[in-house]
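Remarks on the structure that follows.
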Number of protein chains: 2
Amino acid sequence: VDEFELIDRYFAARSVPREDVRLGIGDDAAIVCPAAGAELAIATDTIVEGTHFPSGTPARAVGHRCLAVNLSDLAAMGASPLWCTLALSLPRGAPEWVGEFADGFWALAAEHDVALVGGDTVRGPLSVTVTVHGRVAPHAAIRRDGAGVDQAIYVTGATGSAAAGLASLRDGRAAAGDELIDRFLYPAPRVREGCGLAAIATAMIDVSDGLHVDLERLLEASGVGALLDVESLPLDASVVERYGRERALDFALHGGDDYELCFTVPAAREAALRERAAGWACGIACIGRTRAGSGLAWREAGRARTAGACGFRHFDGGAG
Amino acid sequence: VDEFELIDRYFAARSVPREDVRLGIGDDAAIVCPAAGAELAIATDTIVEGTHFPSGTPARAVGHRCLAVNLSDLAAMGASPLWCTLALSLPRGAPEWVGEFADGFWALAAEHDVALVGGDTVRGPLSVTVTVHGRVAPHAAIRRDGAGVDQAIYVTGATGSAAAGLASLRDGRAAAGDELIDRFLYPAPRVREGCGLAAIATAMIDVSDGLHVDLERLLEASGVGALLDVESLPLDASVVERYGRERALDFALHGGDDYELCFTVPAAREAALRERAAGWACGIACIGRTRAGSGLAWREAGRARTAGACGFRHFDGGAG
C-alpha cells in the first residue's frame, strides 16, 4: 500500500456531507456553491513538526491541530466553517500514522460540519497546510481594527493552560491523558463563541502567540491603547496548582497556543454579551478596558506591572 | 531584515486590486464577496524543491510555477481565477531570493487578475502550497467525467516541450533563455482557453503528469475508451530538431509539466470549437476519438503502437 492509496483511503473516500459541495475531491478542482448574499472568510495556516508541535506528537493530535488553528482564525472573524483543503508533507507512510492523523482531522471536521474539498500530498518533513472557508453575513465580519476607546476587553476560557500542558510534556510533571497536556494537544477552537459575537464585539483576534502580543496586535490595528488587570486574568486552577501563580501568569500572558478569543465590547452591548455567553461552557472574563493612546499596560493591586513582550514567533521555532 | 518583514514587504504590501475582496491580508482571515449565483472552484497544489522542480531553479520560476499549476487546475474546470492563498516553507531568507520569487508570483497573478488574500510562512525545506479560487457559472464546470462515446479528443498547444526543456537543463544542450527551458520554467496556464470551452467541452483535464496518464484519468472517470493517432500529436518542431522524433513522441506522451488542456467535444459542437479557438495563439489539435469500452490505444500509420504508462508520479520524486 503506497501513500497515495492511504490518502485516498483515509481522506478522499471519507467526507462530511454538505449540500453546498457540488463536486468534492477527485477532479482538478472542487465546486462549491456559496450562499446567496453571504461573504466568505478565507484563512490559511501551516503547522510544522518541531516548530508548531513537538516531534513525536501523537498523529491524532496533529490531525486535530492543523484544522483547529484554522477554525480558530474563522472564529476570530465571527465566520462559521464551510469547506477546507489539506496539503500534507509526509516523511513516512506508516499506515497507522496516517490513519490516526485522519481520525483526529475528521473528528474535528465532523464536529464543525467542515467538508474537505481538496488536497495534495508530497514527500517531505512533516508539515500540514490547511485553508479554510467560512460564511459570514455581509459586513458582519469582526475585524481586528474595530475597537473604540473605553470598551471592555474580554477573553474566552482561560489562557496559559496549553503552555502549561506543553511545559508538562517537557518536564515530565504529567503523563498522557493529563488535562493540561490535552489542552495543548487538542485545542478547542471557539467557533460557536466567535459566531455568537456578531453584532456584539467591535474587534476580535484569536490568541495563538500569547494574550499579550495578540492583544497588542488588535490594539495597534484599532489605534487604541488598553489598561488591563492582572487579577482579572482567567487562570486555570490546575496550572496554578502545578506551577504556582507567577508562572501561571507568565503562561497566561505569553504562553501561546491557547486559541481563545480576545475581543472588545462597548458598554451598551455588555448586557447582550452576558446573555449570549450564559450558555458557553468556556466562560468569558473582562480583563480591562481600551483607552486613547497606544500600547497596553498591566496593573496589579493598583500598581503597574511589566509584562514584557516575549510572546514567541513560530517562525523562530520558539514553540518547539 | 528578518523573513517576516521580507514577506510583508514583498507580499502583504503588494496586491492585485479586486472589488470583490473586502478585506485582504493582515487580519485572522480575508473576507471576499462571491458573485451572486456563481459557483466557486477551489484547488490546491504543493510544489517541492527536488520533486516538482530541480534544486537551483530560479526563484522567479518557482514563484511563477506555484501559481501556474493551480491556475491550470482552475482552467481545467473552465473557471476564471479570483483569489488565492500562499503558504511558503522557506529554508533561507536571502532577500534577493524572496524578491525574485515574489516577482514571478506577482507577474502571473497580475496577468490573470488573481488577488492574494492570505498566507503563512514557515521555516523548512523549500516548498510552496497555493490554494486558488475561481468562478464558474452554475452547473457549467467542466468535469473529468462528462465524456461520451464517439467524441473528438483535443489538446491545446503542444505537449512534450516542458519535458524537453527539463532534459535540456540536465543534459546541457541549451542554456538559460532557451525557448524549451522557458517552457519548463514558465508554463503558461491555459486560463483563457479553459474558460472559453464552457458549453463546448464535455470533459477536461490539465496535462500535468503526461498526456497519456492524464487522458487515461479522464477516460476512466467518464467510463469510455479512446483510439488515438500518434501522427496527430502536436509536437514542437524545436523538440524534434533537438531530440529526434521518437524521443519527442516520448516527451509528448509521458513528459509531464505541460499544463496544456486535454478535452472532449461532441461532433455537433466542433464548429463552435473551431470558431472559439480561432483566436488562440496556442492552437488546438484533434488527437483521436473516444469509443465504448475502456483504456486508450495509440495508432501509428494505421497500426497499434504501445505507449506504456510511464507518466511519472510526483510523490516518488520522479519529476526531480
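For the C-alpha cells, the naming scheme is as follows: chains receive sequential letters (A, B, ...) according to their order of presentation, residues are indexed from 1 within each chain, and ligands are indexed from 1 in presentation order.
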Contact set, chain A to chain B: 6 Å, only C-alpha atoms, as number ranges by chain | A: 28-33, 36, 39-45, 73, 119-120, 122-123, 315
Range 264-276 of chain A environment, 6 Å, only C-alpha atoms, sequence neighbours closer than 6 positions dropped, as number ranges by chain | A: 151-153, 200-203
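Surrounding range 154-166 of chain A within 7 Å are Leu169, Arg170, Leu180, Ile181, Arg183, Phe184, Pro234, Leu235, Asp236, Val239, Ala248, Phe251, Ala252, Gly255, Gly256, Asp257, Asp258, Glu260, Leu261, Cys262, Phe263, Thr264, Cys282, Gly283, Ile284, Ala285, Cys286 and Ile287 of chain A, with only C-alpha atoms counted and residues fewer than 3 positions along the same chain left out.
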Could those selected residues go to a file with N, CA, C and O atoms, as an mmCIF file, in the first residue's frame?
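File produced: again_11.cif:
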```
data_model
loop_
_atom_site.group_PDB
_atom_site.id
_atom_site.type_symbol
_atom_site.label_atom_id
_atom_site.label_comp_id
_atom_site.auth_asym_id
_atom_site.auth_seq_id
_atom_site.Cartn_x
_atom_site.Cartn_y
_atom_site.Cartn_z
ATOM 1 N N LEU A 169 4.549 18.353 29.324
ATOM 2 C CA LEU A 169 5.063 17.330 28.406
ATOM 3 C C LEU A 169 6.578 17.266 28.483
ATOM 4 O O LEU A 169 7.191 16.206 28.443
ATOM 5 N N ARG A 170 7.186 18.451 28.619
ATOM 6 C CA ARG A 170 8.647 18.540 28.586
ATOM 7 C C ARG A 170 9.292 18.212 29.928
ATOM 8 O O ARG A 170 10.355 17.594 29.967
ATOM 9 N N LEU A 180 -4.151 19.177 31.251
ATOM 10 C CA LEU A 180 -3.422 20.307 30.667
ATOM 11 C C LEU A 180 -2.699 19.898 29.391
ATOM 12 O O LEU A 180 -2.662 20.651 28.412
ATOM 13 N N ILE A 181 -2.111 18.731 29.394
ATOM 14 C CA ILE A 181 -1.453 18.238 28.179
ATOM 15 C C ILE A 181 -2.479 18.144 27.048
ATOM 16 O O ILE A 181 -2.203 18.531 25.902
ATOM 17 N N ARG A 183 -5.072 20.025 26.756
ATOM 18 C CA ARG A 183 -5.364 21.404 26.329
ATOM 19 C C ARG A 183 -4.352 21.857 25.283
ATOM 20 O O ARG A 183 -4.672 22.636 24.381
ATOM 21 N N PHE A 184 -3.094 21.393 25.429
ATOM 22 C CA PHE A 184 -2.090 21.706 24.416
ATOM 23 C C PHE A 184 -2.301 20.883 23.141
ATOM 24 O O PHE A 184 -2.263 21.408 22.029
ATOM 25 N N PRO A 234 -8.191 35.163 33.602
ATOM 26 C CA PRO A 234 -8.775 33.859 33.935
ATOM 27 C C PRO A 234 -7.675 32.792 33.944
ATOM 28 O O PRO A 234 -7.207 32.378 32.894
ATOM 29 N N LEU A 235 -7.251 32.391 35.132
ATOM 30 C CA LEU A 235 -6.212 31.361 35.248
ATOM 31 C C LEU A 235 -6.860 30.013 35.495
ATOM 32 O O LEU A 235 -7.891 29.913 36.157
ATOM 33 N N ASP A 236 -6.222 28.989 34.979
ATOM 34 C CA ASP A 236 -6.692 27.630 35.190
ATOM 35 C C ASP A 236 -6.162 27.165 36.547
ATOM 36 O O ASP A 236 -4.956 27.211 36.797
ATOM 37 N N VAL A 239 -3.278 24.854 36.611
ATOM 38 C CA VAL A 239 -1.982 25.428 36.238
ATOM 39 C C VAL A 239 -1.343 26.081 37.458
ATOM 40 O O VAL A 239 -0.153 25.882 37.746
ATOM 41 N N ALA A 248 2.060 30.725 36.335
ATOM 42 C CA ALA A 248 0.747 30.639 35.684
ATOM 43 C C ALA A 248 0.425 31.946 34.959
ATOM 44 O O ALA A 248 -0.123 31.949 33.848
ATOM 45 N N PHE A 251 2.516 32.063 31.798
ATOM 46 C CA PHE A 251 1.862 31.232 30.783
ATOM 47 C C PHE A 251 0.643 31.959 30.194
ATOM 48 O O PHE A 251 0.421 31.963 28.983
ATOM 49 N N ALA A 252 -0.147 32.562 31.067
ATOM 50 C CA ALA A 252 -1.393 33.200 30.627
ATOM 51 C C ALA A 252 -1.131 34.393 29.712
ATOM 52 O O ALA A 252 -1.883 34.656 28.776
ATOM 53 N N GLY A 255 2.138 32.546 26.909
ATOM 54 C CA GLY A 255 2.322 31.129 26.600
ATOM 55 C C GLY A 255 2.014 30.718 25.176
ATOM 56 O O GLY A 255 2.721 29.913 24.584
ATOM 57 N N GLY A 256 0.965 31.258 24.599
ATOM 58 C CA GLY A 256 0.618 30.873 23.230
ATOM 59 C C GLY A 256 -0.141 29.564 23.155
ATOM 60 O O GLY A 256 -0.299 28.852 24.161
ATOM 61 N N ASP A 257 -0.632 29.273 21.951
ATOM 62 C CA ASP A 257 -1.357 28.028 21.654
ATOM 63 C C ASP A 257 -2.683 27.876 22.382
ATOM 64 O O ASP A 257 -3.221 26.766 22.467
ATOM 65 N N ASP A 258 -3.217 28.988 22.926
ATOM 66 C CA ASP A 258 -4.485 28.901 23.665
ATOM 67 C C ASP A 258 -5.677 28.732 22.737
ATOM 68 O O ASP A 258 -6.603 27.988 23.020
ATOM 69 N N GLU A 260 -7.951 30.801 22.417
ATOM 70 C CA GLU A 260 -9.102 31.506 22.974
ATOM 71 C C GLU A 260 -9.349 32.747 22.110
ATOM 72 O O GLU A 260 -8.522 33.096 21.259
ATOM 73 N N LEU A 261 -10.486 33.389 22.302
ATOM 74 C CA LEU A 261 -10.794 34.623 21.580
ATOM 75 C C LEU A 261 -10.650 35.810 22.520
ATOM 76 O O LEU A 261 -11.061 35.753 23.686
ATOM 77 N N CYS A 262 -10.060 36.878 22.015
ATOM 78 C CA CYS A 262 -9.949 38.123 22.764
ATOM 79 C C CYS A 262 -10.704 39.181 21.972
ATOM 80 O O CYS A 262 -10.485 39.309 20.759
ATOM 81 N N PHE A 263 -11.605 39.911 22.625
ATOM 82 C CA PHE A 263 -12.468 40.822 21.866
ATOM 83 C C PHE A 263 -12.892 42.021 22.711
ATOM 84 O O PHE A 263 -12.803 41.997 23.941
ATOM 85 N N THR A 264 -13.339 43.056 22.021
ATOM 86 C CA THR A 264 -13.749 44.291 22.693
ATOM 87 C C THR A 264 -15.253 44.494 22.535
ATOM 88 O O THR A 264 -15.835 44.144 21.506
ATOM 89 N N CYS A 282 -17.104 27.497 28.266
ATOM 90 C CA CYS A 282 -15.751 28.044 28.481
ATOM 91 C C CYS A 282 -15.767 29.304 29.325
ATOM 92 O O CYS A 282 -14.766 29.669 29.930
ATOM 93 N N GLY A 283 -16.915 29.999 29.370
ATOM 94 C CA GLY A 283 -16.993 31.244 30.124
ATOM 95 C C GLY A 283 -16.233 32.382 29.456
ATOM 96 O O GLY A 283 -15.542 32.183 28.451
ATOM 97 N N ILE A 284 -16.443 33.590 29.976
ATOM 98 C CA ILE A 284 -15.703 34.765 29.495
ATOM 99 C C ILE A 284 -15.259 35.579 30.704
ATOM 100 O O ILE A 284 -15.851 35.487 31.784
ATOM 101 N N ALA A 285 -14.211 36.361 30.521
ATOM 102 C CA ALA A 285 -13.734 37.228 31.601
ATOM 103 C C ALA A 285 -13.372 38.584 31.031
ATOM 104 O O ALA A 285 -12.761 38.675 29.962
ATOM 105 N N CYS A 286 -13.763 39.646 31.738
ATOM 106 C CA CYS A 286 -13.352 41.001 31.347
ATOM 107 C C CYS A 286 -11.991 41.270 31.999
ATOM 108 O O CYS A 286 -11.846 41.151 33.217
ATOM 109 N N ILE A 287 -11.001 41.588 31.178
ATOM 110 C CA ILE A 287 -9.641 41.737 31.726
ATOM 111 C C ILE A 287 -9.155 43.182 31.711
ATOM 112 O O ILE A 287 -8.030 43.457 32.139
#
```
Between B:Gly295, B:Gly225, B:Gly196, B:Pro17, which one has atoms that come closest to Ala110 in chain B, using only C-alpha atoms?
-> B:Pro17
All strand (DSSP E or B) residues (DSSP, backbone) inside range 20-49 of chain B, as a VMD selection string = chain B and resid 21 to 23 25 27 30 to 32 39 to 49
Pick out the residues sitting within 8 Å of Leu67 in chain A, and hand them over as a list in words; count only C-alpha atoms, and ignore anything fewer than 5 positions along from it in its own chain.
->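 In the requested format, the answer is Phe105, Leu108, Ala109 and Val130 of chain A.
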Go ahead and dump the residues you just picked, C-alpha atoms, as an mmCIF file, in the first residue's frame.
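See again-v2.cif below for the written result:
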```cif
data_model
loop_
_atom_site.group_PDB
_atom_site.id
_atom_site.type_symbol
_atom_site.label_atom_id
_atom_site.label_comp_id
_atom_site.auth_asym_id
_atom_site.auth_seq_id
_atom_site.Cartn_x
_atom_site.Cartn_y
_atom_site.Cartn_z
ATOM 1 C CA PHE A 105 -8.770 15.561 11.474
ATOM 2 C CA LEU A 108 -12.932 17.898 14.465
ATOM 3 C CA ALA A 109 -14.220 18.339 10.900
ATOM 4 C CA VAL A 130 -4.954 23.860 5.720
#
```
Residue with smallest distance to Arg242 in chain B - pool B:Val149, B:Ala167, B:Ala102, B:Leu71, counting only C-alpha atoms =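 For Arg242 in chain B, the nearest of the candidates is B:Ala167.
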All helix (DSSP H, G or I) residues (DSSP, backbone) inside range 80-302 of chain B, as a VMD selection string | chain B and resid 95 to 111 144 to 146 161 to 171 179 to 185 191 to 196 211 to 222 230 to 232 237 to 254 267 to 277
